[in-house]
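Pasting data-v9.cif here (mmCIF, C-alpha atoms):
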```cif
data_structure
loop_
_atom_site.group_PDB
_atom_site.id
_atom_site.type_symbol
_atom_site.label_atom_id
_atom_site.label_comp_id
_atom_site.auth_asym_id
_atom_site.auth_seq_id
_atom_site.Cartn_x
_atom_site.Cartn_y
_atom_site.Cartn_z
ATOM 1 C CA MET A 26 -10.052 83.599 163.057
ATOM 2 C CA PHE A 27 -11.742 86.271 165.117
ATOM 3 C CA LYS A 28 -13.816 88.741 163.238
ATOM 4 C CA LYS A 29 -14.754 92.242 164.217
ATOM 5 C CA TRP A 30 -18.380 91.303 164.741
ATOM 6 C CA ASP A 31 -17.472 88.383 166.977
ATOM 7 C CA ILE A 32 -15.877 90.731 169.454
ATOM 8 C CA ILE A 33 -18.779 93.174 169.147
ATOM 9 C CA ILE A 34 -21.284 90.391 169.834
ATOM 10 C CA ILE A 35 -19.322 89.001 172.766
ATOM 11 C CA VAL A 36 -18.865 92.376 174.424
ATOM 12 C CA LEU A 37 -22.511 93.228 173.798
ATOM 13 C CA LEU A 38 -23.691 89.942 175.308
ATOM 14 C CA ILE A 39 -21.544 90.358 178.419
ATOM 15 C CA CYS A 40 -22.930 93.859 178.835
ATOM 16 C CA LEU A 41 -26.481 92.533 178.344
ATOM 17 C CA SER A 42 -25.918 89.941 181.037
ATOM 18 C CA PHE A 43 -25.597 92.725 183.581
ATOM 19 C CA ILE A 44 -29.134 93.938 182.855
ATOM 20 C CA PRO A 45 -30.759 91.828 185.612
ATOM 21 C CA GLU A 46 -28.230 93.280 188.024
ATOM 22 C CA LEU A 47 -29.200 96.804 187.003
ATOM 23 C CA ILE A 48 -32.925 96.096 187.138
ATOM 24 C CA PHE A 49 -32.628 94.600 190.594
ATOM 25 C CA GLY A 50 -30.371 97.414 191.699
ATOM 26 C CA VAL A 51 -32.961 100.004 190.701
ATOM 27 C CA MET A 52 -36.037 98.069 191.773
ATOM 28 C CA MET A 53 -34.794 96.751 195.056
ATOM 29 C CA HIS A 54 -32.582 99.660 195.959
ATOM 30 C CA LYS A 55 -34.536 100.359 199.104
ATOM 31 C CA ASN A 56 -35.094 96.878 200.372
ATOM 32 C CA TYR A 57 -32.289 94.734 199.177
ATOM 33 C CA ASP A 58 -31.204 92.720 202.149
ATOM 34 C CA GLY A 59 -30.528 95.816 204.188
ATOM 35 C CA THR A 60 -31.129 97.095 207.647
ATOM 36 C CA TYR A 61 -32.969 100.260 208.462
ATOM 37 C CA ALA A 62 -33.564 102.268 211.575
ATOM 38 C CA GLU A 63 -37.097 103.128 212.480
ATOM 39 C CA ILE A 64 -37.670 106.066 214.755
ATOM 40 C CA THR A 65 -41.015 106.015 216.517
ATOM 41 C CA LEU A 66 -42.511 108.704 218.670
ATOM 42 C CA ASP A 67 -45.227 107.667 221.081
ATOM 43 C CA GLY A 68 -45.652 104.455 219.113
ATOM 44 C CA LYS A 69 -46.181 106.241 215.829
ATOM 45 C CA PRO A 70 -43.568 105.915 213.082
ATOM 46 C CA TYR A 71 -41.645 109.134 212.688
ATOM 47 C CA LYS A 72 -38.826 108.375 210.292
ATOM 48 C CA LYS A 73 -37.195 105.481 208.484
ATOM 49 C CA ILE A 74 -33.497 105.603 207.722
ATOM 50 C CA LEU A 75 -31.635 103.118 205.570
ATOM 51 C CA LEU A 76 -28.661 102.058 207.607
ATOM 52 C CA SER A 77 -26.879 99.405 205.576
ATOM 53 C CA GLU A 78 -26.207 101.822 202.726
ATOM 54 C CA HIS A 79 -25.578 104.827 204.889
ATOM 55 C CA ARG A 80 -22.160 106.435 204.667
ATOM 56 C CA GLY A 81 -20.753 109.399 206.516
ATOM 57 C CA GLU A 82 -22.114 111.314 209.451
ATOM 58 C CA GLU A 83 -25.484 112.897 209.803
ATOM 59 C CA GLN A 84 -27.503 114.370 212.643
ATOM 60 C CA ILE A 85 -31.216 114.331 213.106
ATOM 61 C CA ASP A 86 -32.940 116.563 215.609
ATOM 62 C CA VAL A 87 -36.156 115.226 217.017
ATOM 63 C CA LYS A 88 -38.213 117.733 218.953
ATOM 64 C CA THR A 89 -41.301 116.697 220.828
ATOM 65 C CA GLU A 90 -43.476 118.260 223.455
ATOM 66 C CA TYR A 91 -41.464 116.409 226.077
ATOM 67 C CA GLY A 92 -38.050 117.619 224.978
ATOM 68 C CA TYR A 93 -35.468 117.064 222.314
ATOM 69 C CA ASN A 94 -33.153 114.276 221.163
ATOM 70 C CA VAL A 95 -30.241 114.490 218.779
ATOM 71 C CA ILE A 96 -29.684 111.290 216.843
ATOM 72 C CA GLU A 97 -26.384 110.762 215.116
ATOM 73 C CA LEU A 98 -25.868 108.454 212.173
ATOM 74 C CA LYS A 99 -22.365 107.274 211.555
ATOM 75 C CA ASP A 100 -21.976 104.939 208.597
ATOM 76 C CA ALA A 101 -24.175 101.955 209.334
ATOM 77 C CA SER A 102 -24.671 102.635 213.028
ATOM 78 C CA ILE A 103 -26.869 104.972 214.959
ATOM 79 C CA ARG A 104 -26.839 106.527 218.426
ATOM 80 C CA ILE A 105 -28.354 109.329 220.419
ATOM 81 C CA ILE A 106 -25.751 111.930 221.301
ATOM 82 C CA ASP A 107 -27.803 114.490 223.101
ATOM 83 C CA ALA A 108 -31.084 114.697 224.934
ATOM 84 C CA ASP A 109 -32.581 116.828 227.630
ATOM 85 C CA CYS A 110 -34.021 113.974 229.606
ATOM 86 C CA ARG A 111 -33.047 113.357 233.233
ATOM 87 C CA ASP A 112 -31.060 110.136 233.259
ATOM 88 C CA ALA A 113 -29.759 110.077 229.668
ATOM 89 C CA ILE A 114 -29.958 106.326 229.390
ATOM 90 C CA CYS A 115 -30.413 106.591 225.638
ATOM 91 C CA ILE A 116 -27.052 108.374 225.308
ATOM 92 C CA LYS A 117 -25.293 105.748 227.382
ATOM 93 C CA SER A 118 -26.560 102.984 225.135
ATOM 94 C CA GLY A 119 -24.059 104.055 222.510
ATOM 95 C CA PHE A 120 -23.999 102.901 218.930
ATOM 96 C CA ILE A 121 -26.345 100.236 217.652
ATOM 97 C CA SER A 122 -26.224 98.644 214.225
ATOM 98 C CA LYS A 123 -27.634 95.110 214.346
ATOM 99 C CA PRO A 124 -31.256 94.191 213.648
ATOM 100 C CA GLY A 125 -33.236 93.881 216.831
ATOM 101 C CA GLN A 126 -31.234 96.383 218.832
ATOM 102 C CA LEU A 127 -33.035 99.263 220.435
ATOM 103 C CA LEU A 128 -32.465 102.777 221.668
ATOM 104 C CA VAL A 129 -35.170 103.965 223.986
ATOM 105 C CA CYS A 130 -35.791 107.300 225.563
ATOM 106 C CA LEU A 131 -38.729 106.690 227.814
ATOM 107 C CA PRO A 132 -39.336 110.209 229.078
ATOM 108 C CA HIS A 133 -39.667 111.424 225.483
ATOM 109 C CA LYS A 134 -41.495 108.292 224.312
ATOM 110 C CA LEU A 135 -38.873 107.984 221.578
ATOM 111 C CA MET A 136 -37.651 104.684 220.287
ATOM 112 C CA VAL A 137 -35.068 103.833 217.635
ATOM 113 C CA GLU A 138 -35.279 100.272 216.469
ATOM 114 C CA ILE A 139 -33.105 98.588 213.893
ATOM 115 C CA LYS A 140 -34.964 96.293 211.581
ATOM 116 C CA SER A 141 -33.961 94.084 208.734
ATOM 117 C CA ASN A 142 -35.917 93.608 205.540
ATOM 118 C CA ASN A 143 -35.704 89.878 205.637
ATOM 119 C CA ASN A 144 -37.053 89.746 209.139
ATOM 120 C CA GLU A 145 -38.685 86.367 208.582
ATOM 121 C CA LYS A 146 -35.272 84.809 208.648
ATOM 122 C CA ASN A 147 -33.552 84.229 211.897
ATOM 123 C CA ILE A 148 -30.356 86.219 211.641
ATOM 124 C CA ASP A 149 -28.430 83.666 213.625
ATOM 125 C CA VAL A 150 -29.042 80.905 211.136
ATOM 126 C CA ILE A 151 -26.614 80.590 208.253
ATOM 127 C CA PRO A 152 -28.625 79.528 205.223
ATOM 128 C CA VAL A 153 -27.403 76.280 203.740
ATOM 129 C CA HIS A 154 -27.630 76.076 199.993
ATOM 130 C CA MET B 24 -31.226 55.864 128.245
ATOM 131 C CA LYS B 25 -29.208 58.798 129.388
ATOM 132 C CA LYS B 26 -32.161 60.088 131.320
ATOM 133 C CA ILE B 27 -32.599 56.782 133.098
ATOM 134 C CA LEU B 28 -28.926 56.714 133.977
ATOM 135 C CA MET B 29 -29.169 60.219 135.325
ATOM 136 C CA LEU B 30 -32.212 59.275 137.339
ATOM 137 C CA PHE B 31 -30.388 56.245 138.652
ATOM 138 C CA GLN B 32 -27.405 58.346 139.605
ATOM 139 C CA TYR B 33 -29.684 60.872 141.236
ATOM 140 C CA THR B 34 -31.479 58.263 143.320
ATOM 141 C CA GLU B 35 -28.158 56.722 144.209
ATOM 142 C CA VAL B 36 -26.820 60.063 145.374
ATOM 143 C CA ASN B 37 -30.045 60.726 147.196
ATOM 144 C CA GLN B 38 -29.896 57.346 148.845
ATOM 145 C CA MET B 39 -26.327 57.960 149.833
ATOM 146 C CA ASN B 40 -27.240 61.293 151.280
ATOM 147 C CA LYS B 41 -29.988 59.721 153.287
ATOM 148 C CA THR B 42 -27.728 57.032 154.713
ATOM 149 C CA PHE B 43 -24.991 59.537 155.195
ATOM 150 C CA ARG B 44 -27.359 61.809 157.061
ATOM 151 C CA ILE B 45 -28.418 59.041 159.430
ATOM 152 C CA VAL B 46 -24.843 57.943 160.044
ATOM 153 C CA PHE B 47 -23.622 61.458 160.522
ATOM 154 C CA ILE B 48 -26.397 62.303 162.987
ATOM 155 C CA GLY B 49 -25.622 59.106 164.879
ATOM 156 C CA LEU B 50 -21.941 59.951 164.960
ATOM 157 C CA LEU B 51 -22.540 63.443 166.215
ATOM 158 C CA VAL B 52 -24.942 62.273 168.921
ATOM 159 C CA SER B 53 -22.526 59.609 170.121
ATOM 160 C CA GLN B 54 -19.680 62.111 170.144
ATOM 161 C CA ALA B 55 -21.804 64.523 172.130
ATOM 162 C CA LEU B 56 -22.586 61.778 174.632
ATOM 163 C CA ALA B 57 -18.930 60.850 174.941
ATOM 164 C CA LEU B 58 -18.034 64.469 175.544
ATOM 165 C CA TYR B 59 -20.841 64.751 178.086
ATOM 166 C CA THR B 60 -19.596 61.698 179.959
ATOM 167 C CA ILE B 61 -16.013 62.948 179.996
ATOM 168 C CA GLU B 62 -17.158 66.345 181.103
ATOM 169 C CA SER B 63 -19.161 64.941 183.978
ATOM 170 C CA MET B 64 -15.979 63.285 185.252
ATOM 171 C CA ILE B 65 -14.217 66.620 185.496
ATOM 172 C CA PRO B 66 -14.940 68.288 188.797
ATOM 173 C CA VAL B 67 -16.469 71.741 188.484
ATOM 174 C CA PRO B 68 -13.518 73.670 187.140
ATOM 175 C CA PHE B 69 -14.674 77.117 188.187
ATOM 176 C CA ILE B 70 -15.331 79.037 191.301
ATOM 177 C CA ALA B 71 -18.898 79.441 190.132
ATOM 178 C CA PRO B 72 -20.999 76.341 190.764
ATOM 179 C CA GLY B 73 -23.053 75.348 187.765
ATOM 180 C CA ALA B 74 -20.464 76.542 185.295
ATOM 181 C CA LYS B 75 -19.360 73.779 182.987
ATOM 182 C CA LEU B 76 -17.087 73.514 180.007
ATOM 183 C CA GLY B 77 -20.061 72.985 177.739
ATOM 184 C CA LEU B 78 -18.230 70.526 175.525
ATOM 185 C CA ALA B 79 -21.497 69.118 174.221
ATOM 186 C CA ASN B 80 -22.155 72.518 172.728
ATOM 187 C CA LEU B 81 -19.226 71.804 170.419
ATOM 188 C CA ILE B 82 -21.298 69.161 168.670
ATOM 189 C CA THR B 83 -24.245 71.501 168.276
ATOM 190 C CA VAL B 84 -22.002 74.111 166.681
ATOM 191 C CA ILE B 85 -20.423 71.589 164.340
ATOM 192 C CA ALA B 86 -23.847 70.236 163.382
ATOM 193 C CA LEU B 87 -25.075 73.753 162.767
ATOM 194 C CA TYR B 88 -22.219 74.368 160.349
ATOM 195 C CA THR B 89 -22.144 71.011 158.567
ATOM 196 C CA LEU B 90 -25.779 69.950 158.293
ATOM 197 C CA ASN B 91 -27.926 71.833 155.844
ATOM 198 C CA SER B 92 -31.182 71.085 157.593
ATOM 199 C CA LYS B 93 -31.929 72.941 160.789
ATOM 200 C CA LYS B 94 -34.335 70.167 161.753
ATOM 201 C CA ASP B 95 -31.471 67.690 161.923
ATOM 202 C CA VAL B 96 -29.567 69.961 164.295
ATOM 203 C CA PHE B 97 -32.625 70.099 166.509
ATOM 204 C CA LEU B 98 -32.916 66.335 166.332
ATOM 205 C CA ILE B 99 -29.308 65.973 167.467
ATOM 206 C CA ILE B 100 -29.905 68.301 170.403
ATOM 207 C CA ILE B 101 -33.018 66.462 171.549
ATOM 208 C CA LEU B 102 -31.413 63.038 171.160
ATOM 209 C CA ARG B 103 -28.332 64.178 173.003
ATOM 210 C CA LEU B 104 -30.417 65.563 175.865
ATOM 211 C CA LEU B 105 -32.575 62.474 176.213
ATOM 212 C CA LEU B 106 -29.680 60.047 176.066
ATOM 213 C CA SER B 107 -27.455 62.055 178.378
ATOM 214 C CA THR B 108 -30.268 62.110 180.923
ATOM 215 C CA MET B 109 -30.439 58.326 180.709
ATOM 216 C CA PHE B 110 -26.669 58.022 181.020
ATOM 217 C CA GLY B 111 -26.207 59.985 184.132
ATOM 218 C CA GLY B 112 -28.616 62.729 184.889
ATOM 219 C CA SER B 113 -31.752 63.478 186.743
ATOM 220 C CA LEU B 114 -35.005 65.105 185.755
ATOM 221 C CA SER B 115 -33.791 68.475 186.963
ATOM 222 C CA THR B 116 -30.649 68.346 184.839
ATOM 223 C CA PHE B 117 -32.853 67.400 181.903
ATOM 224 C CA MET B 118 -35.082 70.401 182.488
ATOM 225 C CA TYR B 119 -32.112 72.748 182.772
ATOM 226 C CA GLY B 120 -30.557 71.171 179.728
ATOM 227 C CA VAL B 121 -33.679 71.403 177.556
ATOM 228 C CA ALA B 122 -34.277 75.065 178.321
ATOM 229 C CA GLY B 123 -30.638 75.968 177.869
ATOM 230 C CA ALA B 124 -30.087 73.932 174.734
ATOM 231 C CA ILE B 125 -33.226 75.069 172.927
ATOM 232 C CA LEU B 126 -32.652 78.715 173.748
ATOM 233 C CA SER B 127 -29.025 78.533 172.698
ATOM 234 C CA TYR B 128 -30.033 76.695 169.517
ATOM 235 C CA LEU B 129 -32.484 79.438 168.557
ATOM 236 C CA VAL B 130 -29.986 82.179 169.362
ATOM 237 C CA MET B 131 -27.197 80.468 167.448
ATOM 238 C CA ILE B 132 -29.425 80.180 164.374
ATOM 239 C CA CYS B 133 -30.367 83.854 164.686
ATOM 240 C CA VAL B 134 -26.750 84.957 165.065
ATOM 241 C CA LYS B 135 -25.622 82.727 162.211
ATOM 242 C CA GLU B 136 -28.349 83.848 159.827
ATOM 243 C CA LEU B 137 -28.194 87.531 160.728
ATOM 244 C CA GLY B 138 -24.424 87.637 160.830
ATOM 245 C CA GLN B 139 -23.898 85.605 157.627
ATOM 246 C CA ASP B 140 -20.217 86.054 156.820
ATOM 247 C CA LYS B 141 -19.660 88.854 159.310
ATOM 248 C CA VAL B 142 -19.760 86.513 162.299
ATOM 249 C CA SER B 143 -17.482 83.493 162.605
ATOM 250 C CA ILE B 144 -18.051 80.258 164.501
ATOM 251 C CA ILE B 145 -16.570 81.832 167.629
ATOM 252 C CA GLY B 146 -19.248 84.491 167.849
ATOM 253 C CA VAL B 147 -21.992 81.942 167.223
ATOM 254 C CA SER B 148 -20.728 79.524 169.858
ATOM 255 C CA ALA B 149 -20.077 82.234 172.458
ATOM 256 C CA SER B 150 -23.596 83.602 172.090
ATOM 257 C CA GLY B 151 -24.945 80.063 172.224
ATOM 258 C CA ALA B 152 -23.038 79.368 175.422
ATOM 259 C CA LEU B 153 -24.305 82.549 177.027
ATOM 260 C CA PHE B 154 -27.922 81.873 176.167
ATOM 261 C CA HIS B 155 -27.556 78.330 177.447
ATOM 262 C CA ASN B 156 -26.890 79.933 180.815
ATOM 263 C CA VAL B 157 -29.844 82.287 180.386
ATOM 264 C CA GLY B 158 -32.171 79.367 179.696
ATOM 265 C CA GLN B 159 -30.881 77.444 182.686
ATOM 266 C CA LEU B 160 -31.288 80.404 184.973
ATOM 267 C CA ILE B 161 -34.834 80.986 183.736
ATOM 268 C CA VAL B 162 -35.712 77.379 184.615
ATOM 269 C CA ALA B 163 -33.910 77.657 187.937
ATOM 270 C CA SER B 164 -35.787 80.819 188.863
ATOM 271 C CA ALA B 165 -39.051 79.173 187.807
ATOM 272 C CA ILE B 166 -38.334 76.173 190.019
ATOM 273 C CA VAL B 167 -37.316 78.189 193.053
ATOM 274 C CA GLN B 168 -39.871 80.888 192.191
ATOM 275 C CA ASN B 169 -37.394 83.597 192.853
ATOM 276 C CA ILE B 170 -36.317 85.835 190.009
ATOM 277 C CA ALA B 171 -33.297 86.951 192.039
ATOM 278 C CA ILE B 172 -31.411 83.943 190.696
ATOM 279 C CA MET B 173 -30.936 85.958 187.520
ATOM 280 C CA LEU B 174 -28.434 88.035 189.497
ATOM 281 C CA TYR B 175 -26.096 85.107 189.055
ATOM 282 C CA LEU B 176 -26.078 85.677 185.292
ATOM 283 C CA PRO B 177 -22.966 87.879 184.965
ATOM 284 C CA ILE B 178 -20.671 85.334 186.625
ATOM 285 C CA LEU B 179 -22.060 82.474 184.576
ATOM 286 C CA SER B 180 -22.078 84.463 181.369
ATOM 287 C CA ILE B 181 -18.445 85.492 181.682
ATOM 288 C CA ALA B 182 -17.485 81.858 182.298
ATOM 289 C CA GLY B 183 -19.808 80.779 179.491
ATOM 290 C CA VAL B 184 -18.406 83.230 176.987
ATOM 291 C CA GLY B 185 -14.889 82.125 177.916
ATOM 292 C CA THR B 186 -15.624 78.469 177.278
ATOM 293 C CA GLY B 187 -17.766 79.426 174.292
ATOM 294 C CA ILE B 188 -14.800 81.118 172.656
ATOM 295 C CA PHE B 189 -12.658 78.012 173.113
ATOM 296 C CA VAL B 190 -15.440 75.765 171.860
ATOM 297 C CA GLY B 191 -15.712 78.082 168.871
ATOM 298 C CA ILE B 192 -11.994 77.851 168.145
ATOM 299 C CA THR B 193 -12.157 74.056 168.389
ATOM 300 C CA ALA B 194 -15.222 73.916 166.152
ATOM 301 C CA ASN B 195 -13.446 76.195 163.719
ATOM 302 C CA PHE B 196 -10.593 73.700 163.352
ATOM 303 C CA ILE B 197 -12.943 70.723 163.086
ATOM 304 C CA VAL B 198 -15.128 72.295 160.435
ATOM 305 C CA LYS B 199 -12.035 73.451 158.573
ATOM 306 C CA HIS B 200 -10.794 69.884 158.346
ATOM 307 C CA LEU B 201 -14.233 68.410 157.702
ATOM 308 C CA SER B 202 -14.610 70.690 154.713
ATOM 309 C CA LYS B 203 -11.722 68.846 153.063
ATOM 310 C CA LEU B 204 -13.924 65.741 152.803
ATOM 311 C CA PRO B 205 -15.864 65.478 149.549
ATOM 312 C CA TYR B 206 -19.135 65.189 151.428
ATOM 313 C CA PHE B 207 -18.685 68.593 152.936
ATOM 314 C CA ARG B 208 -17.707 70.415 149.753
ATOM 315 C CA ASP B 209 -20.805 72.524 150.067
ATOM 316 C CA VAL B 210 -20.329 73.080 153.745
ATOM 317 C CA ASN B 211 -21.813 76.443 154.561
ATOM 318 C CA ILE B 212 -18.934 77.980 156.437
ATOM 319 C CA ASN B 213 -17.197 81.254 155.997
ATOM 320 C CA GLU B 214 -14.614 81.661 153.330
ATOM 321 C CA ASP B 215 -11.627 82.420 155.479
ATOM 322 C CA VAL B 216 -12.167 79.197 157.408
ATOM 323 C CA THR B 217 -11.513 77.079 154.345
ATOM 324 C CA LYS B 218 -8.358 78.998 153.450
#
```
Show me, as structure tokens, the structure contained in the file I just sent.
Amino acid sequence: MFKKWDIIIIVLLICLSFIPELIFGVMMHKNYDGTYAEITLDGKPYKKILLSEHRGEEQIDVKTEYGYNVIELKDASIRIIDADCRDAICIKSGFISKPGQLLVCLPHKLMVEIKSNNNEKNIDVIPVH
Amino acid sequence: MKKILMLFQYTEVNQMNKTFRIVFIGLLVSQALALYTIESMIPVPFIAPGAKLGLANLITVIALYTLNSKKDVFLIIILRLLLSTMFGGSLSTFMYGVAGAILSYLVMICVKELGQDKVSIIGVSASGALFHNVGQLIVASAIVQNIAIMLYLPILSIAGVGTGIFVGITANFIVKHLSKLPYFRDVNINEDVTK
């Protein structure tokens, strides 16, 4: 009953149906429902890091005229592990990972803010379909 | 005299074909509607919402293999869509249905003509089922104005191909038995089906 070409066509069609997935994966790789950390120095954007797709550990050194901060990325969370400021409030804040959370180092005018790409939506609301 | 008799026979056969065509189209449409009604009684049988058995597609496949005119197949599809909307549907289901059915109709004709005897009913109906989903998703993304709905395609297409294969097997049996009737002697199906 089945013919060779039937199976070829079916397999081909199932493979073709994944094309939108691939296109979206490539096109929206950077802003597909993810969170990112934005590091600002003195109000100016310094670096953007994708958090939701981040895996493993990584350290970023930020040196300014006021001093230095060492930012650690661990999977999808971020913290400041070292700084030469007086009170080290930014280190005590620990890990942050949710949109809206902040790490601030006032003496160095450094701020790490976690933002989400769909920031129009209120994250506390579960969308009803 | 002989010529006149032949002419008479010809017109008689022609007349019969015409009546037969009307009756057969009516039968297929009513069967499609019955299948549609039964199907709408079955709760969504899959994890994926929107996935259906696609039983009405069975009629389209049978029509495609038994009717010689492609126009008649199209007529059956349109009649089935209009009547099923009246029976128990809304405008949105009609829009989804039209896009899906027309796209799957075109694809099934392409597959059938290009494949000739390489592709059996199963391949035709599976590709038809898949492109029914594609058409529906295109309409859905046009309505919501968000192309991201197309991301739903793989789930629907796997379900669609699954049901399409079973619809194809069913259609295979039906066409096999229909071809035993004298009317369908010249049924344009593959050789191994009639064996």
task = Using the chain letters and residue numbers of this document, give as a PyMOL selection string the residues selected by the PyMOL selection byres ((chain B and resi 53-59) around 12).
result = chain B and resi 46-52+60-65+75-86+99-112+120
Closest pair table for chain B residues within 9 Å of chain A, all atoms listed in the file, as a tab-separated table:
```
residue	atom	partner	partner_atom	distance
B:Gly138	CA	A:Trp30	CA	8.1
B:Lys141	CA	A:Trp30	CA	6.1
B:Val142	CA	A:Asp31	CA	5.5
B:Ser143	CA	A:Lys28	CA	6.4
B:Ile144	CA	A:Asp31	CA	8.5
B:Ile145	CA	A:Asp31	CA	6.6
B:Gly146	CA	A:Asp31	CA	4.4
B:Val147	CA	A:Asp31	CA	7.9
B:Ala149	CA	A:Ile35	CA	6.8
B:Ser150	CA	A:Ile35	CA	6.9
B:Leu153	CA	A:Leu38	CA	7.6
B:Val157	CA	A:Ser42	CA	8.6
B:Ala171	CA	A:Phe49	CA	7.8
B:Met173	CA	A:Pro45	CA	6.2
B:Leu174	CA	A:Glu46	CA	5.5
B:Tyr175	CA	A:Glu46	CA	8.5
B:Leu176	CA	A:Ser42	CA	6.0
B:Pro177	CA	A:Ser42	CA	5.3
B:Ile178	CA	A:Ser42	CA	8.9
B:Ser180	CA	A:Ile39	CA	6.6
B:Ile181	CA	A:Ile39	CA	6.6
B:Val184	CA	A:Ile35	CA	7.2
B:Ile192	CA	A:Met26	CA	7.9
B:Asn195	CA	A:Met26	CA	8.2
B:Asp215	CA	A:Met26	CA	7.8
B:Val216	CA	A:Met26	CA	7.5
```
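Atom pair atom CA of Lys123 of chain A / atom CA of Gly81 of chain A has a distance of 17.7 Å (rounded to one decimal).
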request  = For Glu78 of chain A, work out the shell of residues within 8 Å, counting all atoms listed in the file and skipping chain neighbours fewer than 5 positions away, then give it as a list in words.
outcome  = Gly59, Asp100 and Ala101 of chain A
query = So which residues touch segment 125-132 of chain A within 8 Å, counting only C-alpha atoms, skipping near sequence neighbours fewer than 2 positions away, as a ChimeraX atom specification?
reply = /A:91,104-105,110,113-115,118,121-123,134-140
ask   = Interatomic distance between atom CA of Val167 of chain B and atom CA of Gly151 of chain B?
value = 24.3 Å
request  = In Å, rounded to a single decimal, give me how far atom CA of Ala108 of chain A is from atom CA of Glu83 of chain A.
outcome  =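 Here the two named atoms are 16.2 Å from each other.
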Lys73 of chain A environment, 9 Å, all atoms listed in the file, sequence neighbours closer than 5 positions dropped, as number ranges by chain = A: 61-65
Expansion of the PyMOL selection byres ((chain B and resi 126) around 10) into residues, as a PyMOL selection string = chain B and resi 120-125+127-131+151-159
Residues just named, written with C-alpha atoms as a PDB file, in the frame of the given file:
```
ATOM      1  CA  GLY B 120     -30.557  71.171 179.728  1.00  0.00           C
ATOM      2  CA  VAL B 121     -33.679  71.403 177.556  1.00  0.00           C
ATOM      3  CA  ALA B 122     -34.277  75.065 178.321  1.00  0.00           C
ATOM      4  CA  GLY B 123     -30.638  75.968 177.869  1.00  0.00           C
ATOM      5  CA  ALA B 124     -30.087  73.932 174.734  1.00  0.00           C
ATOM      6  CA  ILE B 125     -33.226  75.069 172.927  1.00  0.00           C
ATOM      7  CA  SER B 127     -29.025  78.533 172.698  1.00  0.00           C
ATOM      8  CA  TYR B 128     -30.033  76.695 169.517  1.00  0.00           C
ATOM      9  CA  LEU B 129     -32.484  79.438 168.557  1.00  0.00           C
ATOM     10  CA  VAL B 130     -29.986  82.179 169.362  1.00  0.00           C
ATOM     11  CA  MET B 131     -27.197  80.468 167.448  1.00  0.00           C
ATOM     12  CA  GLY B 151     -24.945  80.063 172.224  1.00  0.00           C
ATOM     13  CA  ALA B 152     -23.038  79.368 175.422  1.00  0.00           C
ATOM     14  CA  LEU B 153     -24.305  82.549 177.027  1.00  0.00           C
ATOM     15  CA  PHE B 154     -27.922  81.873 176.167  1.00  0.00           C
ATOM     16  CA  HIS B 155     -27.556  78.330 177.447  1.00  0.00           C
ATOM     17  CA  ASN B 156     -26.890  79.933 180.815  1.00  0.00           C
ATOM     18  CA  VAL B 157     -29.844  82.287 180.386  1.00  0.00           C
ATOM     19  CA  GLY B 158     -32.171  79.367 179.696  1.00  0.00           C
ATOM     20  CA  GLN B 159     -30.881  77.444 182.686  1.00  0.00           C
TER      21      GLN B 159
END
```
Residue neighbourhood Asp109 of chain A, 9 Å, all atoms listed in the file, exclusion window fewer than 5 positions, as an MDAnalysis selection string = chainID A and resid 92:94
